[in-house]
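J.: I am sharing data08.txt, which consists of compact mmCIF, C-alpha atoms:
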# COMPACT_ATOMS: atom_id res chain seq x y z
CA MET A 1 0.00 0.00 0.00
CA ARG A 2 1.30 3.40 -0.96
CA THR A 3 0.91 6.41 1.24
CA ARG A 4 1.29 9.97 0.13
CA VAL A 5 2.91 12.52 2.40
CA ARG A 6 1.55 16.00 1.76
CA GLY A 7 3.88 18.94 2.12
CA TRP A 8 7.00 16.80 2.38
CA ARG A 9 9.00 19.41 0.53
CA TRP A 10 8.28 21.94 3.28
CA GLN A 11 9.21 19.66 6.18
CA ARG A 12 12.70 18.81 7.34
CA ASN A 13 13.63 15.28 6.35
CA PRO A 14 16.73 13.50 5.08
CA LEU A 15 15.23 12.90 1.60
CA ARG A 16 14.55 16.56 0.90
CA ARG A 17 17.06 18.10 -1.46
CA ARG A 18 17.82 21.75 -2.09
CA SER A 19 16.27 21.47 -5.56
CA ASP A 20 13.00 20.30 -3.95
CA VAL A 21 12.86 23.44 -1.82
CA VAL A 22 13.64 25.67 -4.81
CA GLU A 23 10.95 23.96 -6.88
CA THR A 24 8.37 24.37 -4.13
CA TRP A 25 9.08 28.08 -3.75
CA THR A 26 9.06 28.50 -7.52
CA VAL A 27 5.63 26.89 -7.82
CA LEU A 28 4.33 29.24 -5.11
CA VAL A 29 5.78 32.30 -6.87
CA VAL A 30 4.43 31.19 -10.26
CA THR A 31 0.98 30.67 -8.76
CA VAL A 32 0.96 34.18 -7.30
CA LEU A 33 2.23 35.66 -10.57
CA LEU A 34 -0.41 33.85 -12.63
CA PHE A 35 -3.41 34.45 -10.40
CA VAL A 36 -2.61 37.88 -8.95
CA VAL A 37 -0.01 39.76 -10.98
CA ALA A 38 -1.11 38.78 -14.52
CA PRO A 39 -4.74 39.89 -13.95
CA LEU A 40 -3.53 43.14 -12.35
CA VAL A 41 -1.29 43.81 -15.37
CA GLY A 42 -4.26 43.14 -17.66
CA VAL A 43 -6.53 45.50 -15.71
CA ALA A 44 -3.89 48.24 -15.61
CA ALA A 45 -3.19 47.93 -19.35
CA GLY A 46 -6.91 47.85 -20.14
CA LEU A 47 -7.62 50.98 -18.08
CA ARG A 48 -4.74 52.83 -19.69
CA ALA A 49 -5.90 51.75 -23.18
CA HIS A 50 -9.45 52.84 -22.30
CA ASP A 51 -8.29 56.31 -21.26
CA GLN A 52 -6.21 56.71 -24.42
CA ALA A 53 -8.96 55.40 -26.72
CA ARG A 54 -11.56 57.63 -25.05
CA ALA A 55 -9.30 60.67 -25.53
CA LEU A 56 -8.77 59.77 -29.20
CA ALA A 57 -12.52 59.27 -29.70
CA THR A 58 -13.26 62.65 -28.10
CA ALA A 59 -10.68 64.32 -30.35
CA ALA A 60 -12.14 62.56 -33.40
CA ARG A 61 -15.66 63.67 -32.47
CA ALA A 62 -14.45 67.27 -32.16
CA GLU A 63 -12.71 67.14 -35.54
CA ARG A 64 -15.39 65.29 -37.52
CA HIS A 65 -18.98 66.13 -38.29
CA GLN A 66 -21.85 64.07 -39.61
CA VAL A 67 -24.13 65.15 -42.44
CA ARG A 68 -27.11 63.65 -44.20
CA ALA A 69 -26.22 63.53 -47.87
CA LEU A 70 -27.88 62.44 -51.09
CA VAL A 71 -26.03 59.86 -53.20
CA ILE A 72 -25.72 61.30 -56.71
CA GLY A 73 -23.06 59.08 -58.27
CA ASP A 74 -23.81 55.74 -59.87
CA PRO A 75 -22.76 52.74 -57.77
CA PRO A 76 -19.87 50.71 -59.17
CA ARG A 77 -20.70 47.60 -61.13
CA ARG A 78 -21.01 44.50 -58.98
CA ALA A 79 -17.94 42.33 -59.04
CA SER A 80 -18.40 38.74 -59.99
CA ALA A 81 -18.34 36.02 -57.34
CA VAL A 82 -14.87 34.99 -58.52
CA GLU A 83 -13.52 38.48 -57.75
CA GLY A 84 -15.00 38.44 -54.28
CA GLY A 85 -18.22 40.27 -55.12
CA ASP A 86 -20.31 37.89 -53.03
CA ARG A 87 -19.50 39.99 -49.96
CA GLU A 88 -21.34 43.23 -49.40
CA ARG A 89 -18.72 45.95 -48.94
CA PRO A 90 -18.98 49.70 -48.62
CA TYR A 91 -17.90 51.57 -51.71
CA ARG A 92 -17.02 55.12 -52.72
CA ALA A 93 -19.75 57.24 -54.24
CA GLU A 94 -20.35 60.91 -54.89
CA VAL A 95 -22.70 62.58 -52.42
CA ARG A 96 -24.30 66.06 -52.19
CA TRP A 97 -25.46 67.96 -49.12
CA THR A 98 -26.25 71.48 -48.02
CA GLU A 99 -24.80 72.87 -44.83
CA PRO A 100 -26.82 75.52 -43.00
CA GLY A 101 -25.82 78.98 -44.17
CA LYS A 102 -23.52 77.62 -46.89
CA ALA A 103 -23.75 76.50 -50.48
CA THR A 104 -24.43 72.98 -51.65
CA ARG A 105 -21.35 70.80 -51.56
CA THR A 106 -20.37 67.53 -53.21
CA ALA A 107 -17.67 65.03 -52.31
CA TRP A 108 -16.63 61.44 -52.75
CA THR A 109 -16.96 59.26 -49.67
CA ARG A 110 -17.67 55.72 -48.55
CA VAL A 111 -21.30 54.72 -48.42
CA PRO A 112 -22.81 51.52 -47.02
CA ALA A 113 -23.17 48.49 -49.24
CA GLY A 114 -26.47 48.35 -51.09
CA THR A 115 -26.84 52.13 -51.34
CA ARG A 116 -28.34 53.33 -54.63
CA THR A 117 -28.40 56.62 -56.44
CA GLY A 118 -30.97 58.90 -54.79
CA ASP A 119 -30.68 57.33 -51.31
CA THR A 120 -29.96 59.55 -48.33
CA VAL A 121 -27.08 58.37 -46.13
CA SER A 122 -25.26 59.61 -43.05
CA VAL A 123 -21.61 60.33 -43.81
CA TRP A 124 -18.76 61.80 -41.79
CA PHE A 125 -16.34 64.48 -42.91
CA ASP A 126 -13.25 65.95 -41.28
CA SER A 127 -12.46 69.65 -40.99
CA ARG A 128 -10.93 69.63 -44.51
CA GLY A 129 -14.05 68.16 -46.09
CA ARG A 130 -12.63 64.69 -46.69
CA GLY A 131 -14.87 61.68 -46.13
CA VAL A 132 -13.74 59.78 -43.04
CA ALA A 133 -14.91 56.90 -40.89
CA PRO A 134 -17.22 57.75 -38.00
CA PRO A 135 -15.50 58.36 -34.66
CA PRO A 136 -15.33 55.34 -32.36
CA ASP A 137 -18.34 54.95 -30.10
CA ARG A 138 -18.33 53.79 -26.46
CA ALA A 139 -18.61 50.11 -27.46
CA ALA A 140 -15.54 50.37 -29.71
CA VAL A 141 -13.57 52.10 -26.94
CA TRP A 142 -14.47 49.37 -24.44
CA GLN A 143 -13.78 46.63 -26.97
CA HIS A 144 -10.31 48.08 -27.54
CA ALA A 145 -9.67 48.35 -23.79
CA VAL A 146 -10.78 44.77 -23.10
CA THR A 147 -8.70 43.44 -25.99
CA VAL A 148 -5.57 45.24 -24.77
CA GLY A 149 -6.20 44.06 -21.20
CA VAL A 150 -6.69 40.43 -22.19
CA CYS A 151 -3.60 40.51 -24.42
CA ALA A 152 -1.50 42.07 -21.64
CA ALA A 153 -2.67 39.50 -19.09
CA GLY A 154 -2.13 36.67 -21.57
CA GLY A 155 1.33 37.95 -22.48
CA THR A 156 2.28 38.22 -18.82
CA ALA A 157 1.03 34.69 -18.17
CA ALA A 158 2.96 33.40 -21.20
CA VAL A 159 6.19 35.02 -19.97
CA VAL A 160 5.66 33.57 -16.48
CA LEU A 161 4.97 30.08 -17.83
CA PHE A 162 7.97 30.25 -20.15
CA ALA A 163 10.21 31.34 -17.27
CA HIS A 164 8.80 28.52 -15.15
CA ALA A 165 9.53 25.98 -17.90
CA VAL A 166 13.13 27.25 -18.12
CA GLU A 167 13.45 27.05 -14.34
CA ARG A 168 12.05 23.50 -14.29
CA ARG A 169 14.55 22.42 -16.91
CA THR A 170 17.41 23.96 -14.94
CA ALA A 171 16.13 22.42 -11.70
CA LEU A 172 15.95 19.01 -13.35
CA ARG A 173 19.54 19.35 -14.52
CA HIS A 174 20.63 20.28 -10.98
CA ARG A 175 18.60 17.42 -9.50
CA MET A 176 20.28 14.93 -11.84
CA ALA A 177 23.68 16.32 -10.84
CA GLU A 178 22.75 15.92 -7.15
CA TRP A 179 21.70 12.32 -7.78
CA GLU A 180 24.97 11.64 -9.62
CA ARG A 181 26.98 12.96 -6.67
CA ALA A 182 24.90 10.93 -4.21
CA TRP A 183 25.31 7.79 -6.30
CA ALA A 184 29.06 8.39 -6.57
CA ARG A 185 29.20 8.30 -2.76
CA THR A 186 26.90 5.30 -2.21
CA GLY A 187 27.31 3.35 -5.44
CA PRO A 188 30.62 1.69 -4.59
CA ARG A 189 29.12 0.26 -1.39
CA TRP A 190 26.33 -1.37 -3.39
CA THR A 191 28.37 -2.63 -6.31
CA GLN A 192 31.41 -4.01 -4.48
CA PRO A 193 31.31 -7.79 -4.03
CA ARG A 194 30.93 -8.94 -0.46
CA THR A 195 33.57 -11.22 0.92
Spit out the file's structure as structure tokens when you get a sec.
T.:
Amino acid sequence: MRTRVRGWRWQRNPLRRRSDVVETWTVLVVTVLLFVVAPLVGVAAGLRAHDQARALATAARAERHQVRALVIGDPPRRASAVEGGDRERPYRAEVRWTEPGKATRTAWTRVPAGTRTGDTVSVWFDSRGRGVAPPPDRAAVWQHAVTVGVCAAGGTAAVVLFAHAVERRTALRHRMAEWERAWARTGPRWTQPRT
């Protein structure tokens, strides 16, 4: 019958080697790093990314403006299925709008897929009158922050696990060297013929 002694690496006993103590402390440190430090790194990186993305979104909202415009240009011909036309993609079209107190303007900008000549669409322009993408909304800012946080926590965990694997390999090499030295001391007593 086999019995298992829990915590034997922590207790003083003649079978405990220095490499056993190092391995035990390493496992404890790795556990703390994985379950405490890696999540904290992820949260910190996510909060920082959220603040930066929110500032960029605020700046983009201040620089860009949305207008309701009439599509006046003909849509491009539909690409064949071989060319990838089976996907509905936005395309560039000419639009016309009138700003309050100003003349009618026209510009080329991206319009949603399926838009036809004569449809009214919401488009965004920058301060120079160029068609641009809409500024990021709150969901996009949070999605960016969560992605950065998860990647930072995952990267930290990967570095910790890689370092632990390197340490385990080094500890195994030291353990084998300890066993070799122990066998060199006791081996001759076992292998010598008795008289």
J.: Residues at most 10 Å from Arg116 in chain A, counting all atoms listed in the file, excluding those fewer than 4 positions away in the same chain, as a list in words?
T.: Leu70, Val71, Ile72, Gly73, Asp74, Pro75, Pro76, Ala93, Val111, Pro112, Thr120 and Val121 of chain A
J.: Produce a file of the selected residues containing C-alpha atoms, as a PDB file, keeping the file's coordinate frame.
T.:
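Okay, out-v1.pdb is ready:
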ATOM      1  CA  LEU A  70     -27.880  62.440 -51.090  1.00  0.00           C
ATOM      2  CA  VAL A  71     -26.030  59.860 -53.200  1.00  0.00           C
ATOM      3  CA  ILE A  72     -25.720  61.300 -56.710  1.00  0.00           C
ATOM      4  CA  GLY A  73     -23.060  59.080 -58.270  1.00  0.00           C
ATOM      5  CA  ASP A  74     -23.810  55.740 -59.870  1.00  0.00           C
ATOM      6  CA  PRO A  75     -22.760  52.740 -57.770  1.00  0.00           C
ATOM      7  CA  PRO A  76     -19.870  50.710 -59.170  1.00  0.00           C
ATOM      8  CA  ALA A  93     -19.750  57.240 -54.240  1.00  0.00           C
ATOM      9  CA  VAL A 111     -21.300  54.720 -48.420  1.00  0.00           C
ATOM     10  CA  PRO A 112     -22.810  51.520 -47.020  1.00  0.00           C
ATOM     11  CA  THR A 120     -29.960  59.550 -48.330  1.00  0.00           C
ATOM     12  CA  VAL A 121     -27.080  58.370 -46.130  1.00  0.00           C
TER      13      VAL A 121
END
J.: State, in Å with one decimal place, the distance from CA of Ala57 in chain A to CA of Asp137 in chain A.
T.: 7.3 Å
J.: Show me, as a list in words, the residues that have an atom within 10 Å of range 170-181 of chain A when counting all atoms listed in the file, minus same-chain residues fewer than 4 positions from it.
T.: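 The filter keeps Arg17, Arg18, Ser19, Asp20, Val22, Glu23, His164, Ala165, Val166, Arg185, Thr186 and Gly187 of chain A.
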J.: What does the distance between CA of Ala107 in chain A and CA of Phe125 in chain A come to in Å, to one decimal place?
T.: 9.5 Å
J.: Could you state the separation of CA of Val67 in chain A and CA of Arg92 in chain A in Å, given to one decimal place?
T.: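 Those two atoms sit 16.0 Å apart.
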J.: Using only C-alpha atoms, which residue out of A:Arg189, A:Ala38, A:Val123, A:Pro90 lies closest to Ala157 in chain A?
T.: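 Of A:Arg189, A:Ala38, A:Val123, A:Pro90, the one nearest Ala157 in chain A, counting only C-alpha atoms, is A:Ala38.
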J.: So, with only C-alpha atoms as the atoms that count, which of A:Glu167, A:Pro134, A:Ala62, A:Leu33 lies closest to Ala153 in chain A?
T.: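 Comparing A:Glu167, A:Pro134, A:Ala62, A:Leu33 against Ala153 in chain A, the winner is A:Leu33.
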J.: I'd like the contact shell of Arg105 in chain A - 10 Å cut-off, all atoms listed in the file, skipping same-chain residues fewer than 2 positions apart - returned as a PDB file with C-alpha atoms, keeping the file's coordinate frame.
T.:
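Full text of part.pdb as output:
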ATOM      1  CA  ALA A  69     -26.220  63.530 -47.870  1.00  0.00           C
ATOM      2  CA  VAL A  95     -22.700  62.580 -52.420  1.00  0.00           C
ATOM      3  CA  ARG A  96     -24.300  66.060 -52.190  1.00  0.00           C
ATOM      4  CA  TRP A  97     -25.460  67.960 -49.120  1.00  0.00           C
ATOM      5  CA  THR A  98     -26.250  71.480 -48.020  1.00  0.00           C
ATOM      6  CA  GLU A  99     -24.800  72.870 -44.830  1.00  0.00           C
ATOM      7  CA  LYS A 102     -23.520  77.620 -46.890  1.00  0.00           C
ATOM      8  CA  ALA A 103     -23.750  76.500 -50.480  1.00  0.00           C
ATOM      9  CA  ALA A 107     -17.670  65.030 -52.310  1.00  0.00           C
ATOM     10  CA  GLY A 129     -14.050  68.160 -46.090  1.00  0.00           C
TER      11      GLY A 129
END
J.: Check the smallest atom-to-atom distance from each of A:Tyr91, A:Trp25, A:Gly118, A:Val43 to Thr156 in chain A using all atoms listed in the file, then report the winner.
T.: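 Among the listed residues, the smallest separation from Thr156 in chain A belongs to A:Val43.
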J.: Put a box with edges along x, y and z around all the listed atoms of range 138-151 of chain A, pad it by 3 Å on each side, then give me its centre and sizes in Å, one decimal, as AutoDock Vina command-line options.
T.:
--center_x -11.1 --center_y 47.1 --center_z -25.5 --size_x 21.0 --size_y 19.4 --size_z 14.5
J.: Please provide as a list in words all residues within 9 Å of His144 in chain A, with the sequence filter that same-chain residues fewer than 5 positions apart are discarded (counting all atoms listed in the file).
T.: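 Residues near the query, excluding close chain neighbours: Gly46, Ala49, His50, Ala53, Ala139 and Gly149 of chain A.
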